[in-house]
$ cat query01.tsv   # TSV, C-alpha atoms and all ligand atoms
chain	number	residue	atom	x	y	z
A	610	MET	CA	-119.22	-15.32	-229.54
A	611	ALA	CA	-120.49	-13.43	-226.53
A	612	PHE	CA	-119.20	-14.28	-223.06
A	613	GLU	CA	-122.23	-15.54	-221.19
A	614	ALA	CA	-122.83	-17.76	-218.23
A	615	LEU	CA	-122.04	-21.33	-219.23
A	616	ASP	CA	-122.79	-24.18	-216.87
A	617	VAL	CA	-119.92	-26.38	-215.77
A	618	HIS	CA	-120.18	-29.54	-217.88
A	619	HIS	CA	-117.05	-31.40	-216.85
A	620	PRO	CA	-116.67	-31.15	-213.11
A	621	ILE	CA	-113.41	-31.99	-211.39
A	622	GLN	CA	-113.56	-34.14	-208.25
A	623	ALA	CA	-112.26	-31.96	-205.44
A	624	GLN	CA	-112.73	-31.37	-201.74
A	625	LEU	CA	-112.64	-27.58	-201.71
A	626	LYS	CA	-115.25	-25.54	-199.86
A	627	SER	CA	-115.84	-23.51	-203.04
A	628	LYS	CA	-117.78	-24.97	-205.95
A	629	ARG	CA	-117.73	-23.58	-209.47
A	630	LEU	CA	-121.21	-23.20	-210.94
A	631	ARG	CA	-120.63	-21.25	-214.12
A	632	TYR	CA	-117.94	-20.05	-216.51
A	633	ARG	CA	-117.83	-16.78	-218.41
A	634	GLU	CA	-116.07	-18.50	-221.29
A	635	PRO	CA	-116.03	-22.06	-222.61
A	636	GLU	CA	-114.01	-24.62	-220.67
A	637	ASN	CA	-110.42	-24.26	-221.85
A	638	PRO	CA	-109.19	-27.36	-223.78
A	639	ILE	CA	-105.66	-27.04	-222.34
A	640	LYS	CA	-106.26	-25.81	-218.81
A	641	TRP	CA	-109.20	-28.10	-218.02
A	642	PRO	CA	-107.51	-31.50	-218.62
A	643	TYR	CA	-104.32	-30.27	-216.89
A	644	GLU	CA	-106.32	-29.25	-213.83
A	645	LYS	CA	-108.29	-32.49	-213.84
A	646	LEU	CA	-105.17	-34.65	-213.82
A	647	LEU	CA	-103.35	-32.52	-211.28
A	648	ARG	CA	-106.25	-32.02	-208.89
A	649	GLU	CA	-107.50	-35.59	-208.97
A	650	GLN	CA	-104.18	-37.42	-209.11
A	651	SER	CA	-101.25	-35.37	-207.83
A	652	LYS	CA	-99.49	-37.04	-204.92
A	653	THR	CA	-98.37	-33.73	-203.43
A	654	ARG	CA	-101.85	-32.21	-203.17
A	655	ARG	CA	-102.77	-31.14	-199.68
A	656	VAL	CA	-105.73	-29.21	-198.30
A	657	TYR	CA	-104.94	-27.72	-194.88
A	658	PRO	CA	-107.88	-27.39	-192.43
A	659	ILE	CA	-106.95	-23.73	-191.86
A	660	ASN	CA	-107.95	-22.87	-195.45
A	661	PRO	CA	-110.49	-25.17	-197.13
A	662	TYR	CA	-110.45	-22.99	-200.27
A	663	ALA	CA	-106.87	-23.82	-201.27
A	664	GLU	CA	-105.09	-26.89	-202.64
A	665	VAL	CA	-101.35	-26.81	-201.98
A	666	TYR	CA	-98.96	-28.55	-204.40
A	667	GLN	CA	-95.21	-28.84	-203.97
A	668	PHE	CA	-93.35	-28.42	-207.27
A	669	ARG	CA	-89.76	-28.00	-206.03
A	670	GLU	CA	-88.10	-28.47	-202.67
A	671	ASN	CA	-88.79	-24.81	-201.86
A	672	VAL	CA	-91.57	-23.93	-204.33
A	673	TYR	CA	-95.27	-24.39	-203.67
A	674	ALA	CA	-98.19	-23.63	-205.97
A	675	ILE	CA	-101.48	-22.83	-204.27
A	676	PHE	CA	-104.58	-23.52	-206.33
A	677	THR	CA	-107.83	-21.67	-205.67
A	678	GLU	CA	-111.01	-21.56	-207.71
A	679	SER	CA	-111.92	-18.38	-209.54
A	680	LEU	CA	-114.91	-16.63	-207.99
A	681	ASP	CA	-115.77	-14.51	-211.03
A	682	GLY	CA	-116.33	-17.06	-213.80
A	683	ALA	CA	-112.88	-16.78	-215.40
A	684	GLY	CA	-109.85	-19.11	-215.17
A	685	ASN	CA	-108.69	-20.44	-211.80
A	686	PRO	CA	-105.71	-18.38	-210.57
A	687	TRP	CA	-102.43	-19.67	-209.14
A	688	ILE	CA	-100.70	-18.30	-206.05
A	689	TYR	CA	-97.01	-19.18	-205.56
A	690	LEU	CA	-94.85	-19.51	-202.48
A	691	ILE	CA	-91.03	-19.62	-202.55
A	692	LEU	CA	-89.03	-20.36	-199.41
A	693	GLY	CA	-85.56	-19.02	-198.68
A	694	SER	CA	-83.59	-19.63	-195.49
A	695	GLU	CA	-84.54	-16.26	-193.95
A	696	LYS	CA	-87.73	-15.21	-195.72
A	697	ALA	CA	-90.46	-16.52	-197.96
A	698	MET	CA	-92.10	-14.82	-200.93
A	699	LEU	CA	-95.79	-15.02	-201.77
A	700	ILE	CA	-96.51	-14.23	-205.43
A	701	ASP	CA	-100.13	-13.07	-205.79
A	702	THR	CA	-102.88	-13.60	-203.26
A	703	GLY	CA	-105.99	-14.80	-205.11
A	704	PHE	CA	-109.54	-13.61	-204.47
A	705	GLY	CA	-109.37	-13.17	-200.69
A	706	VAL	CA	-111.61	-16.00	-199.56
A	707	GLY	CA	-110.18	-18.25	-196.83
A	708	ASP	CA	-107.19	-17.68	-194.57
A	709	LEU	CA	-104.21	-17.46	-196.96
A	710	LYS	CA	-101.94	-15.83	-194.37
A	711	GLY	CA	-102.55	-18.61	-191.85
A	712	LEU	CA	-102.00	-21.25	-194.53
A	713	VAL	CA	-98.72	-19.71	-195.66
A	714	ASN	CA	-97.48	-19.45	-192.07
A	715	GLU	CA	-98.19	-23.14	-191.58
A	716	ILE	CA	-96.24	-24.09	-194.71
A	717	THR	CA	-93.26	-21.85	-193.97
A	718	GLY	CA	-93.18	-22.45	-190.23
A	719	GLY	CA	-93.68	-18.71	-189.67
A	720	LEU	CA	-90.88	-17.29	-191.87
A	721	PRO	CA	-91.10	-13.51	-192.45
A	722	LEU	CA	-93.03	-13.01	-195.68
A	723	VAL	CA	-92.54	-10.72	-198.68
A	724	VAL	CA	-95.84	-10.35	-200.56
A	725	VAL	CA	-95.73	-9.35	-204.24
A	726	ASN	CA	-98.33	-9.00	-207.01
A	727	THR	CA	-97.74	-9.77	-210.69
A	728	HIS	CA	-100.59	-7.35	-211.40
A	729	ALA	CA	-103.57	-5.76	-209.70
A	730	HIS	CA	-106.47	-7.77	-211.13
A	731	SER	CA	-108.92	-9.05	-208.56
A	732	ASP	CA	-108.18	-12.76	-209.19
A	733	HIS	CA	-104.57	-12.12	-208.14
A	734	ALA	CA	-104.67	-9.30	-205.61
A	735	LEU	CA	-107.81	-9.32	-203.42
A	736	GLY	CA	-106.04	-11.47	-200.85
A	737	ASP	CA	-103.65	-8.52	-200.26
A	738	PHE	CA	-105.96	-7.23	-197.49
A	739	GLN	CA	-104.57	-9.86	-195.10
A	740	PHE	CA	-101.09	-8.35	-195.28
A	741	ASP	CA	-99.50	-5.07	-194.15
A	742	GLU	CA	-97.30	-4.40	-197.19
A	743	VAL	CA	-97.43	-5.55	-200.81
A	744	TYR	CA	-94.82	-4.95	-203.52
A	745	CYS	CA	-95.58	-4.54	-207.21
A	746	HIS	CA	-94.03	-2.89	-210.25
A	747	GLU	CA	-94.08	0.91	-209.97
A	748	TYR	CA	-96.50	1.28	-212.93
A	749	GLU	CA	-99.04	-0.99	-211.21
A	750	VAL	CA	-99.38	1.01	-207.97
A	751	LEU	CA	-102.32	3.08	-209.27
A	752	ASN	CA	-104.20	-0.04	-210.36
A	753	LEU	CA	-103.69	-1.68	-206.99
A	754	GLU	CA	-104.87	1.45	-205.19
A	755	LYS	CA	-108.04	1.35	-207.28
A	756	ILE	CA	-109.06	-2.16	-206.21
A	757	LYS	CA	-108.31	-1.38	-202.56
A	758	THR	CA	-111.92	-0.82	-201.52
A	759	PRO	CA	-114.42	-2.49	-199.17
A	760	HIS	CA	-116.59	-3.03	-202.30
A	761	ALA	CA	-113.94	-5.15	-204.01
A	762	TRP	CA	-116.13	-8.28	-203.86
A	763	ASP	CA	-119.53	-6.75	-204.70
A	764	ARG	CA	-119.52	-7.96	-208.31
A	765	LEU	CA	-119.35	-11.61	-207.22
A	766	PHE	CA	-122.94	-11.47	-205.91
A	767	ASP	CA	-126.32	-10.89	-207.51
A	768	ALA	CA	-128.95	-8.44	-206.20
A	769	TYR	CA	-130.09	-11.05	-203.65
A	770	GLY	CA	-126.58	-11.61	-202.30
A	771	ASN	CA	-126.20	-15.02	-203.95
A	772	CYS	CA	-122.88	-16.06	-205.49
A	773	ILE	CA	-123.05	-15.73	-209.27
A	774	TYR	CA	-120.23	-17.95	-210.56
A	775	THR	CA	-118.76	-19.93	-207.69
A	776	GLU	CA	-120.46	-20.95	-204.47
A	777	PHE	CA	-118.59	-19.99	-201.30
A	778	ASP	CA	-119.39	-18.77	-197.80
A	779	ARG	CA	-119.51	-14.98	-197.78
A	780	ALA	CA	-118.40	-15.04	-194.14
A	781	ASP	CA	-115.06	-16.49	-195.33
A	782	LEU	CA	-114.12	-13.34	-197.27
A	783	ILE	CA	-111.11	-11.80	-195.52
A	784	GLY	CA	-112.65	-8.31	-195.41
A	785	TYR	CA	-111.16	-4.91	-196.08
A	786	HIS	CA	-107.99	-3.82	-194.31
A	787	ASP	CA	-105.66	-1.04	-195.39
A	788	PHE	CA	-102.15	-2.02	-196.47
A	789	LYS	CA	-99.05	-0.30	-197.78
A	790	ILE	CA	-98.31	-0.56	-201.50
A	791	THR	CA	-94.66	-0.33	-202.48
A	792	GLY	CA	-93.91	0.12	-206.17
A	793	VAL	CA	-90.45	-0.93	-207.35
A	794	PRO	CA	-88.66	-0.78	-210.72
A	795	ASP	CA	-87.78	-3.47	-213.25
A	796	GLY	CA	-84.79	-5.55	-212.12
A	797	THR	CA	-85.44	-5.25	-208.38
A	798	LEU	CA	-83.87	-8.16	-206.51
A	799	PHE	CA	-85.41	-9.78	-203.46
A	800	HIS	CA	-83.01	-11.85	-201.33
A	801	LEU	CA	-84.79	-14.59	-199.40
A	802	GLY	CA	-81.63	-16.10	-197.92
A	803	GLY	CA	-79.65	-19.25	-198.66
A	804	GLY	CA	-78.95	-18.11	-202.23
A	805	VAL	CA	-82.64	-17.79	-203.11
A	806	ASP	CA	-82.81	-14.56	-205.13
A	807	ILE	CA	-85.89	-13.41	-206.99
A	808	GLU	CA	-85.77	-10.76	-209.72
A	809	LEU	CA	-88.75	-8.67	-210.77
A	810	MET	CA	-89.01	-8.68	-214.59
A	811	PHE	CA	-91.22	-6.03	-216.17
A	812	LEU	CA	-93.71	-7.73	-218.51
A	813	PRO	CA	-96.43	-5.19	-219.30
A	814	GLY	CA	-99.27	-5.54	-221.81
A	815	HIS	CA	-101.93	-7.36	-219.81
A	816	ALA	CA	-101.69	-4.55	-217.24
A	817	THR	CA	-99.65	-1.34	-217.25
A	818	GLY	CA	-97.22	-2.63	-214.65
A	819	MET	CA	-97.52	-6.38	-214.91
A	820	CYS	CA	-94.34	-8.20	-214.06
A	821	GLY	CA	-92.93	-11.66	-213.68
A	822	PHE	CA	-90.67	-12.92	-210.89
A	823	LEU	CA	-87.58	-14.93	-211.79
A	824	ASP	CA	-86.44	-17.49	-209.24
A	825	LYS	CA	-82.78	-17.57	-210.25
A	826	GLN	CA	-81.90	-20.76	-208.41
A	827	ASN	CA	-84.74	-22.90	-209.78
A	828	LYS	CA	-84.70	-21.01	-213.12
A	829	ILE	CA	-88.46	-20.53	-212.97
A	830	LEU	CA	-90.23	-17.41	-214.27
A	831	PHE	CA	-93.53	-16.77	-212.49
A	832	ALA	CA	-94.97	-14.84	-215.38
A	833	GLY	CA	-98.46	-13.61	-214.49
A	834	ASP	CA	-101.14	-13.32	-217.20
A	835	TYR	CA	-99.14	-12.84	-220.36
A	836	THR	CA	-101.53	-14.07	-223.03
A	837	HIS	CA	-103.97	-11.15	-223.14
A	838	ALA	CA	-103.46	-7.43	-223.87
A	839	TYR	CA	-106.83	-5.72	-223.91
A	840	GLY	CA	-105.67	-2.16	-223.22
A	841	THR	CA	-106.81	0.31	-220.58
A	842	SER	CA	-108.39	3.73	-220.41
A	843	PRO	CA	-106.40	6.22	-222.56
A	844	ASP	CA	-106.38	8.56	-219.52
A	845	HIS	CA	-104.25	6.15	-217.48
A	846	PRO	CA	-100.81	7.79	-217.06
A	847	TYR	CA	-99.14	4.52	-218.09
A	848	ALA	CA	-101.67	3.56	-220.81
A	849	ARG	CA	-98.84	3.11	-223.32
A	850	TYR	CA	-97.65	0.08	-221.35
A	851	CYS	CA	-101.00	-1.69	-221.54
A	852	THR	CA	-100.31	-2.50	-225.18
A	853	VAL	CA	-99.14	-5.32	-227.43
A	854	THR	CA	-96.13	-3.16	-228.39
A	855	ALA	CA	-95.01	-2.80	-224.75
A	856	MET	CA	-95.39	-6.54	-224.29
A	857	ARG	CA	-93.32	-7.22	-227.41
A	858	ASN	CA	-90.52	-4.93	-226.18
A	859	ALA	CA	-90.40	-6.63	-222.80
A	860	LEU	CA	-90.54	-10.10	-224.36
A	861	VAL	CA	-87.55	-9.30	-226.58
A	862	ASN	CA	-85.51	-8.66	-223.40
A	863	ILE	CA	-86.84	-11.74	-221.61
A	864	VAL	CA	-86.33	-14.08	-224.57
A	865	ALA	CA	-82.74	-12.80	-224.89
A	866	ARG	CA	-82.19	-14.04	-221.32
A	867	ARG	CA	-83.90	-17.39	-221.75
A	868	ASP	CA	-80.83	-19.40	-220.73
A	869	GLU	CA	-81.67	-18.11	-217.23
A	870	ILE	CA	-85.22	-19.50	-217.47
A	871	ASP	CA	-85.97	-23.21	-217.76
A	872	PHE	CA	-89.67	-23.13	-216.90
A	873	VAL	CA	-92.58	-20.72	-216.94
A	874	TYR	CA	-95.29	-20.75	-214.26
A	875	PRO	CA	-98.22	-18.64	-215.45
A	876	GLY	CA	-101.03	-16.96	-213.53
A	877	HIS	CA	-103.45	-19.57	-214.90
A	878	GLY	CA	-103.09	-22.97	-216.55
A	879	PRO	CA	-100.34	-25.60	-216.73
A	880	LEU	CA	-97.11	-25.17	-214.74
A	881	ASP	CA	-93.58	-26.18	-215.70
A	882	GLN	CA	-94.04	-24.94	-219.26
A	883	PRO	CA	-90.71	-25.10	-221.13
A	884	ASN	CA	-89.11	-21.73	-221.95
A	885	ILE	CA	-89.91	-22.16	-225.66
A	886	VAL	CA	-93.41	-20.84	-224.80
A	887	LEU	CA	-91.82	-17.39	-224.45
A	888	VAL	CA	-90.29	-17.65	-227.92
A	889	ASN	CA	-93.59	-18.83	-229.40
A	890	LEU	CA	-95.44	-16.01	-227.66
A	891	LEU	CA	-92.99	-13.39	-228.95
A	892	GLU	CA	-93.38	-14.77	-232.47
A	893	THR	CA	-97.18	-14.48	-232.20
A	894	VAL	CA	-97.01	-10.96	-230.77
A	895	GLU	CA	-94.70	-9.89	-233.63
A	896	LYS	CA	-97.18	-11.31	-236.15
A	897	VAL	CA	-100.05	-9.42	-234.52
A	898	LEU	CA	-98.10	-6.14	-234.72
A	899	GLU	CA	-97.14	-6.78	-238.35
A	900	ASN	CA	-100.73	-7.38	-239.39
A	901	PRO	CA	-103.39	-7.12	-236.67
A	902	GLU	CA	-106.15	-7.90	-239.19
A	903	ASN	CA	-104.69	-11.36	-239.77
A	904	TYR	CA	-106.32	-12.86	-236.65
A	905	ASP	CA	-107.49	-16.45	-236.10
A	906	ILE	CA	-110.58	-15.68	-234.00
A	907	LYS	CA	-112.80	-12.71	-233.31
A	908	GLU	CA	-114.99	-12.41	-230.23
A	909	GLU	CA	-117.51	-9.94	-228.93
A	910	THR	CA	-117.38	-9.33	-225.19
A	911	VAL	CA	-119.42	-7.13	-222.90
A	912	LYS	CA	-117.44	-5.44	-220.14
A	913	GLY	CA	-119.05	-2.98	-217.76
A	914	GLY	CA	-122.09	-2.84	-220.08
A	915	LYS	CA	-119.85	-1.87	-223.02
A	916	LYS	CA	-119.38	-4.00	-226.12
A	917	LYS	CA	-115.79	-4.80	-226.99
A	918	ILE	CA	-114.37	-6.71	-229.95
A	919	THR	CA	-111.36	-8.83	-229.14
A	920	TYR	CA	-109.15	-10.83	-231.48
A	921	GLY	CA	-107.11	-13.96	-230.96
A	922	LYS	CA	-103.97	-15.20	-232.70
A	923	MET	CA	-102.91	-18.79	-232.12
A	924	ILE	CA	-99.69	-19.27	-230.14
A	925	PHE	CA	-97.86	-22.30	-231.57
A	926	GLN	CA	-98.80	-25.42	-229.55
A	927	SER	CA	-100.71	-23.32	-227.06
A	928	SER	CA	-103.81	-21.15	-226.69
A	929	TYR	CA	-104.63	-17.77	-228.24
A	930	PHE	CA	-102.92	-14.46	-227.68
A	931	LYS	CA	-105.82	-12.01	-227.31
A	932	TYR	CA	-105.83	-8.30	-228.12
A	933	CYS	CA	-107.97	-5.39	-229.31
A	934	MET	CA	-107.36	-3.00	-232.17
A	935	GLU	CA	-107.16	-0.20	-229.56
A	936	SER	CA	-104.48	-1.99	-227.53
A	937	LEU	CA	-101.78	-2.39	-230.17
B	1001	ZN	ZN	-105.62	-13.58	-213.97
$ encode --input "query01.tsv" --output "structure tokens"
Amino acid sequence: MAFEALDVHHPIQAQLKSKRLRYREPENPIKWPYEKLLREQSKTRRVYPINPYAEVYQFRENVYAIFTESLDGAGNPWIYLILGSEKAMLIDTGFGVGDLKGLVNEITGGLPLVVVNTHAHSDHALGDFQFDEVYCHEYEVLNLEKIKTPHAWDRLFDAYGNCIYTEFDRADLIGYHDFKITGVPDGTLFHLGGGVDIELMFLPGHATGMCGFLDKQNKILFAGDYTHAYGTSPDHPYARYCTVTAMRNALVNIVARRDEIDFVYPGHGPLDQPNIVLVNLLETVEKVLENPENYDIKEETVKGGKKKITYGKMIFQSSYFKYCMESL
């Protein structure tokens, strides 16, 4: 099936300033009902006047999940905020529409902020331009440098300047601003004060330097986008980490430490997933590596004008793990 513009058939009642018009893939049977229930019925939902593009949900005493709509036709990305006694940490920054920095300051009461990216894809990192310094895994620095351009949002508009997938006010884009990128290794600890320690856990595959962040106190792993590994250009100096094999190796380490993780919060989709999802994912990834031809679905996608065949293997009680034959 080719990814083409699909109209939104099952709208969700919401008060955001953005409005999804089209998807690039069919509505997801797991994410869509989860979002509908959460967004229409959660008692913690709050939209602050300072940023009408974001719904703020409180999931723990010191953990907030900020929902924004995708602007490029794919799944809606999550942004997370963890508060310590001395600092707060912002995990990912979304598409860069609306005042995220102002919103976060309101929630934290102005605590100093550490901004980190799970990976450098535009649905997670274009909001970085509002900040002076952003941390990521050391193998993701190059990717983040690449999206750091005043043209970062061009692909969201057609030749007439109209929004293609999601309607929003162009004047609300945060605009380009240079910022410092600091790459750090696997295992780096961030101390937010009051015993709130966050560990960077290398989890490559979806991107060369993708990583999760483990909130040790709440036992939550903020895991990024761990269900796709489509590969990257073979010229990338860390291309070998944008593979299913690299993901498997990292997952073996993470699954071995799963008594430290009660819940997984992904980059998209349902939160508070039990840690068994990591075991099920590892099992699926192992099966793919054993016999990549034994897939459950095959899809044809067009990316940058180029045709690409992707494959999907069902993750037990979840969605598909997607890969390419070139990304094993
Ligand atoms: Zn994403």
$ closest_atom_pairs --input "query01.tsv" --of "chain A" --to "ligand ZN 1001 (chain B)" --cutoff "10 Å" --atoms "all atoms listed in the file" --output "Markdown table"
| residue | atom | partner | partner_atom | distance |
| --- | --- | --- | --- | --- |
| A:Ser679 | CA | B:ZN1001 | ZN | 9.1 |
| A:Ala683 | CA | B:ZN1001 | ZN | 8.1 |
| A:Gly684 | CA | B:ZN1001 | ZN | 7.1 |
| A:Asn685 | CA | B:ZN1001 | ZN | 7.8 |
| A:Pro686 | CA | B:ZN1001 | ZN | 5.9 |
| A:Trp687 | CA | B:ZN1001 | ZN | 8.4 |
| A:Asp701 | CA | B:ZN1001 | ZN | 9.9 |
| A:Gly703 | CA | B:ZN1001 | ZN | 9.0 |
| A:Thr727 | CA | B:ZN1001 | ZN | 9.3 |
| A:His728 | CA | B:ZN1001 | ZN | 8.4 |
| A:Ala729 | CA | B:ZN1001 | ZN | 9.1 |
| A:His730 | CA | B:ZN1001 | ZN | 6.5 |
| A:Ser731 | CA | B:ZN1001 | ZN | 7.8 |
| A:Asp732 | CA | B:ZN1001 | ZN | 5.5 |
| A:His733 | CA | B:ZN1001 | ZN | 6.1 |
| A:Ala734 | CA | B:ZN1001 | ZN | 9.4 |
| A:His815 | CA | B:ZN1001 | ZN | 9.3 |
| A:Gly833 | CA | B:ZN1001 | ZN | 7.2 |
| A:Asp834 | CA | B:ZN1001 | ZN | 5.5 |
| A:Tyr835 | CA | B:ZN1001 | ZN | 9.1 |
| A:Thr836 | CA | B:ZN1001 | ZN | 10.0 |
| A:His837 | CA | B:ZN1001 | ZN | 9.6 |
| A:Pro875 | CA | B:ZN1001 | ZN | 9.1 |
| A:Gly876 | CA | B:ZN1001 | ZN | 5.7 |
| A:His877 | CA | B:ZN1001 | ZN | 6.4 |
$ closest_residue --input "query01.tsv" --among "A:Gly707, A:Pro794, A:Gly719, A:Pro901" --to "Leu735 in chain A" --atoms "only C-alpha atoms"
A:Gly707
$ residues_around --input "query01.tsv" --residues "Leu891 in chain A" --least-positions-apart "4" --cutoff "10 Å" --atoms "only C-alpha atoms" --output "JSON, numbers by chain"
{"A": [856, 857, 858, 859, 860, 861, 863, 864, 885, 886, 887, 895, 896, 897, 924]}
$ closest_residue --input "query01.tsv" --among "A:Pro635, A:Gly796, A:Gly804, A:Gly682" --to "Ile773 in chain A" --atoms "all atoms listed in the file"
A:Gly682
$ residues_near_point --input "query01.tsv" --point "(-113.7, -31.0, -211.7)" --cutoff "12 Å" --atoms "all atoms listed in the file" --output "tab-separated table (two decimals) with C-alpha atoms, in the frame of the given file"
chain	number	residue	atom	x	y	z
A	617	VAL	CA	-119.92	-26.38	-215.77
A	618	HIS	CA	-120.18	-29.54	-217.88
A	619	HIS	CA	-117.05	-31.40	-216.85
A	620	PRO	CA	-116.67	-31.15	-213.11
A	621	ILE	CA	-113.41	-31.99	-211.39
A	622	GLN	CA	-113.56	-34.14	-208.25
A	623	ALA	CA	-112.26	-31.96	-205.44
A	624	GLN	CA	-112.73	-31.37	-201.74
A	625	LEU	CA	-112.64	-27.58	-201.71
A	627	SER	CA	-115.84	-23.51	-203.04
A	628	LYS	CA	-117.78	-24.97	-205.95
A	629	ARG	CA	-117.73	-23.58	-209.47
A	630	LEU	CA	-121.21	-23.20	-210.94
A	636	GLU	CA	-114.01	-24.62	-220.67
A	640	LYS	CA	-106.26	-25.81	-218.81
A	641	TRP	CA	-109.20	-28.10	-218.02
A	642	PRO	CA	-107.51	-31.50	-218.62
A	643	TYR	CA	-104.32	-30.27	-216.89
A	644	GLU	CA	-106.32	-29.25	-213.83
A	645	LYS	CA	-108.29	-32.49	-213.84
A	646	LEU	CA	-105.17	-34.65	-213.82
A	647	LEU	CA	-103.35	-32.52	-211.28
A	648	ARG	CA	-106.25	-32.02	-208.89
A	649	GLU	CA	-107.50	-35.59	-208.97
A	650	GLN	CA	-104.18	-37.42	-209.11
A	678	GLU	CA	-111.01	-21.56	-207.71
A	685	ASN	CA	-108.69	-20.44	-211.80
$ atom_distance --input "query01.tsv" --atom1 "CA of Lys696 in chain A" --atom2 "CA of Gly802 in chain A"
6.5 Å
$ residues_around --input "query01.tsv" --residues "Gly693 in chain A" --least-positions-apart "6" --cutoff "9 Å" --atoms "all atoms listed in the file" --output "VMD selection string"
chain A and resid 671 720 800 to 806
$ axis_aligned_box --input "query01.tsv" --around "range 872-883 of chain A" --padding-each-side "6 Å" --output "JSON"
{"center_x": -96.6, "center_y": -21.6, "center_z": -217.3, "size_x": 25.8, "size_y": 21.2, "size_z": 19.6}
$ atom_distance --input "query01.tsv" --atom1 "CA of Lys828 in chain A" --atom2 "CA of Asp871 in chain A"
5.3 Å
$ residues_around --input "query01.tsv" --residues "Ala816 in chain A" --least-positions-apart "3" --cutoff "8 Å" --atoms "all atoms listed in the file" --output "list in words"
His728, Ala729, Glu749, Pro813, Met819, Ala838, Gly840, Thr841, Tyr850 and Cys851 of chain A
$ residues_around --input "query01.tsv" --residues "Val713 in chain A" --least-positions-apart "3" --cutoff "10 Å" --atoms "only C-alpha atoms" --output "list in words"
Ile659, Asn660, Val665, Tyr673, Ile675, Leu690, Ala697, Met698, Leu699, Asp708, Leu709, Lys710, Ile716, Thr717, Gly718, Gly719, Leu720 and Leu722 of chain A
$ closest_residue --input "query01.tsv" --among "A:Ser694, A:Thr854, A:Ser927, A:Asn884" --to "Leu898 in chain A" --atoms "only C-alpha atoms"
A:Thr854
$ closest_residue --input "query01.tsv" --among "A:Ser936, A:Thr653, A:Asn726, A:Thr817" --to "Ile688 in chain A" --atoms "only C-alpha atoms"
A:Asn726
$ closest_residue --input "query01.tsv" --among "A:Phe676, A:Gly705, A:Val888, A:Asp737" --to "Ala780 in chain A" --atoms "only C-alpha atoms"
A:Gly705
$ atom_distance --input "query01.tsv" --atom1 "CA of Tyr662 in chain A" --atom2 "CA of Thr775 in chain A"
11.6 Å
$ closest_residue --input "query01.tsv" --among "A:Val724, A:Ile790, A:Ile918, A:Ala832" --to "Lys755 in chain A" --atoms "only C-alpha atoms"
A:Ile790
$ residues_around --input "query01.tsv" --residues "Asp905 in chain A" --least-positions-apart "4" --cutoff "7 Å" --atoms "all atoms listed in the file" --output "count of residues only"
3
$ residues_near_point --input "query01.tsv" --point "(-99.9, -0.9, -228.7)" --cutoff "7 Å" --atoms "only C-alpha atoms" --output "list in words"
Arg849, Thr852, Val853, Thr854, Ala855, Ser936 and Leu937 of chain A
$ decode --input "query01.tsv" --residues "range 803-834 of chain A" --atoms "C-alpha atoms" --output "compact mmCIF listing (two decimals), in the first residue's frame"
# COMPACT_ATOMS: atom_id res chain seq x y z
CA GLY A 803 15.54 15.92 45.16
CA GLY A 804 16.63 12.43 44.09
CA VAL A 805 15.27 12.82 40.55
CA ASP A 806 17.97 11.24 38.38
CA ILE A 807 17.56 10.58 34.68
CA GLU A 808 19.80 8.18 32.75
CA LEU A 809 20.34 8.34 29.01
CA MET A 810 19.96 4.82 27.54
CA PHE A 811 21.29 4.26 24.03
CA LEU A 812 18.52 2.72 21.90
CA PRO A 813 19.59 3.07 18.26
CA GLY A 814 17.88 1.61 15.19
CA HIS A 815 15.25 4.21 14.37
CA ALA A 816 18.06 6.78 14.22
CA THR A 817 21.83 6.36 14.57
CA GLY A 818 21.88 7.92 18.02
CA MET A 819 18.36 7.46 19.28
CA CYS A 820 18.14 7.08 23.02
CA GLY A 821 15.66 6.70 25.81
CA PHE A 822 15.68 8.49 29.16
CA LEU A 823 15.12 6.48 32.33
CA ASP A 824 13.48 8.31 35.22
CA LYS A 825 14.91 6.16 38.00
CA GLN A 826 12.54 7.35 40.71
CA ASN A 827 9.30 6.81 38.77
CA LYS A 828 10.79 3.80 36.92
CA ILE A 829 9.62 5.20 33.58
CA LEU A 830 11.58 4.80 30.34
CA PHE A 831 10.87 7.60 27.87
CA ALA A 832 11.79 5.50 24.88
CA GLY A 833 11.48 7.58 21.71
CA ASP A 834 10.40 5.92 18.43
